[in-house]
Amino acid sequence: MADWDEDSPKLRANLAGALREVRDVAANRNIPSASDALQWQSDTMKGLKAPDAKYVGRFRGTKGLRESAGFDRLTEWVRIHPFANGNGRTARLWANYVLMRYGLPPVVRLRPRPDGGYGAAGAAAMAGDWEPTAAVFRKLLLDELS
């Protein structure tokens, strides 16, 4: 397993720091920008050995994505797959941002990937069926609140 994807104390510290940043942006009810997403991805990779360090904190060749004013309208972050590494983590940070922006707790585990149908729900969403994802997020939220 590559260093950037290994469940290490450094990765856990990076994810905790990135989640704090996401929380702060959400608390201010700011609409996140492409720059925020780049920073979040970079923060999760800080000090880790990425397969190609030139892609850390940068979108991979997707012209036009960098100019996006905000991602509230973008609902297919993972399908876009803008980073060479760390797309899933960044997408889970994004999901937690949406929850925290509206005063809910961050319930989507950053690492390891959530279980309880999360993977199957993601596959269904990639095929255009968002209901399983909504059900998984609803269950995560209800479990947290109970």
# chains A, B, ... in the order shown; residues from 1 in each chain; ligands from 1
>>> select_by_dssp(residues="chain A", states="alpha helix (DSSP H)", output="PyMOL selection string")
chain A and resi 9-27+34-45+77-80+87-101+118-126+131-145
>>> write_last_selection(atoms="C-alpha atoms", output="mmCIF file, in the first residue's frame")
data_model
loop_
_atom_site.group_PDB
_atom_site.id
_atom_site.type_symbol
_atom_site.label_atom_id
_atom_site.label_comp_id
_atom_site.auth_asym_id
_atom_site.auth_seq_id
_atom_site.Cartn_x
_atom_site.Cartn_y
_atom_site.Cartn_z
ATOM 1 C CA PRO A 9 -0.680 8.280 12.449
ATOM 2 C CA LYS A 10 0.420 10.965 9.947
ATOM 3 C CA LEU A 11 -2.565 10.341 7.667
ATOM 4 C CA ARG A 12 -4.953 10.327 10.652
ATOM 5 C CA ALA A 13 -3.474 13.641 11.867
ATOM 6 C CA ASN A 14 -3.787 15.124 8.372
ATOM 7 C CA LEU A 15 -7.428 14.043 8.127
ATOM 8 C CA ALA A 16 -8.227 15.485 11.554
ATOM 9 C CA GLY A 17 -6.647 18.798 10.567
ATOM 10 C CA ALA A 18 -8.485 18.887 7.247
ATOM 11 C CA LEU A 19 -11.779 18.147 8.996
ATOM 12 C CA ARG A 20 -11.155 21.074 11.376
ATOM 13 C CA GLU A 21 -10.613 23.339 8.357
ATOM 14 C CA VAL A 22 -13.800 22.038 6.741
ATOM 15 C CA ARG A 23 -15.643 22.657 10.019
ATOM 16 C CA ASP A 24 -14.428 26.260 10.121
ATOM 17 C CA VAL A 25 -15.494 26.933 6.523
ATOM 18 C CA ALA A 26 -18.867 25.302 7.232
ATOM 19 C CA ALA A 27 -19.362 27.252 10.479
ATOM 20 C CA ALA A 34 -12.270 25.115 -5.950
ATOM 21 C CA SER A 35 -9.428 26.619 -3.914
ATOM 22 C CA ASP A 36 -10.937 25.137 -0.737
ATOM 23 C CA ALA A 37 -11.095 21.683 -2.338
ATOM 24 C CA LEU A 38 -7.485 21.979 -3.487
ATOM 25 C CA GLN A 39 -6.417 22.969 0.025
ATOM 26 C CA TRP A 40 -8.376 20.125 1.648
ATOM 27 C CA GLN A 41 -6.824 17.561 -0.686
ATOM 28 C CA SER A 42 -3.365 19.033 -0.129
ATOM 29 C CA ASP A 43 -3.855 19.011 3.649
ATOM 30 C CA THR A 44 -4.774 15.319 3.618
ATOM 31 C CA MET A 45 -1.602 14.478 1.671
ATOM 32 C CA TRP A 77 -17.654 15.168 -7.112
ATOM 33 C CA VAL A 78 -16.467 11.568 -7.210
ATOM 34 C CA ARG A 79 -17.553 11.092 -10.816
ATOM 35 C CA ILE A 80 -15.494 14.147 -11.758
ATOM 36 C CA ASN A 87 -10.639 11.752 -4.328
ATOM 37 C CA GLY A 88 -12.604 9.589 -1.885
ATOM 38 C CA ARG A 89 -11.199 11.353 1.177
ATOM 39 C CA THR A 90 -11.883 14.745 -0.329
ATOM 40 C CA ALA A 91 -15.423 13.672 -1.252
ATOM 41 C CA ARG A 92 -16.010 12.501 2.330
ATOM 42 C CA LEU A 93 -14.687 15.852 3.626
ATOM 43 C CA TRP A 94 -17.134 17.495 1.229
ATOM 44 C CA ALA A 95 -20.032 15.412 2.572
ATOM 45 C CA ASN A 96 -19.106 16.372 6.133
ATOM 46 C CA TYR A 97 -18.872 20.012 5.066
ATOM 47 C CA VAL A 98 -22.477 19.914 3.832
ATOM 48 C CA LEU A 99 -23.633 18.365 7.105
ATOM 49 C CA MET A 100 -21.733 20.868 9.262
ATOM 50 C CA ARG A 101 -22.825 23.813 7.142
ATOM 51 C CA TYR A 118 -21.325 2.944 1.681
ATOM 52 C CA GLY A 119 -19.380 1.267 -1.148
ATOM 53 C CA ALA A 120 -22.485 -0.171 -2.799
ATOM 54 C CA ALA A 121 -24.258 3.171 -2.433
ATOM 55 C CA GLY A 122 -21.330 4.902 -4.135
ATOM 56 C CA ALA A 123 -21.466 2.435 -7.024
ATOM 57 C CA ALA A 124 -25.214 3.016 -7.381
ATOM 58 C CA ALA A 125 -24.668 6.788 -7.351
ATOM 59 C CA MET A 126 -22.095 6.468 -10.127
ATOM 60 C CA GLU A 131 -31.259 6.830 -3.129
ATOM 61 C CA PRO A 132 -28.823 4.332 -1.566
ATOM 62 C CA THR A 133 -26.398 7.171 -0.777
ATOM 63 C CA ALA A 134 -29.161 9.191 0.866
ATOM 64 C CA ALA A 135 -30.149 6.100 2.882
ATOM 65 C CA VAL A 136 -26.566 5.470 4.053
ATOM 66 C CA PHE A 137 -26.074 9.125 5.038
ATOM 67 C CA ARG A 138 -29.446 9.165 6.797
ATOM 68 C CA LYS A 139 -28.443 6.032 8.773
ATOM 69 C CA LEU A 140 -25.048 7.496 9.683
ATOM 70 C CA LEU A 141 -26.732 10.657 10.897
ATOM 71 C CA LEU A 142 -29.429 8.840 12.856
ATOM 72 C CA ASP A 143 -26.828 6.545 14.470
ATOM 73 C CA GLU A 144 -24.824 9.619 15.514
ATOM 74 C CA LEU A 145 -27.842 11.454 16.909
#
>>> atom_distance(atom1="CA of Val108 (chain A)", atom2="CA of Pro51 (chain A)")
25.8 Å
>>> atom_distance(atom1="CA of Asp115 (chain A)", atom2="CA of Gly103 (chain A)")
23.7 Å
>>> atom_distance(atom1="CA of Arg60 (chain A)", atom2="CA of Arg111 (chain A)")
22.9 Å
>>> closest_residue(among="A:Asn28, A:Ser33, A:Asn85, A:Ser146", to="Ala50 (chain A)", atoms="only C-alpha atoms")
A:Asn85
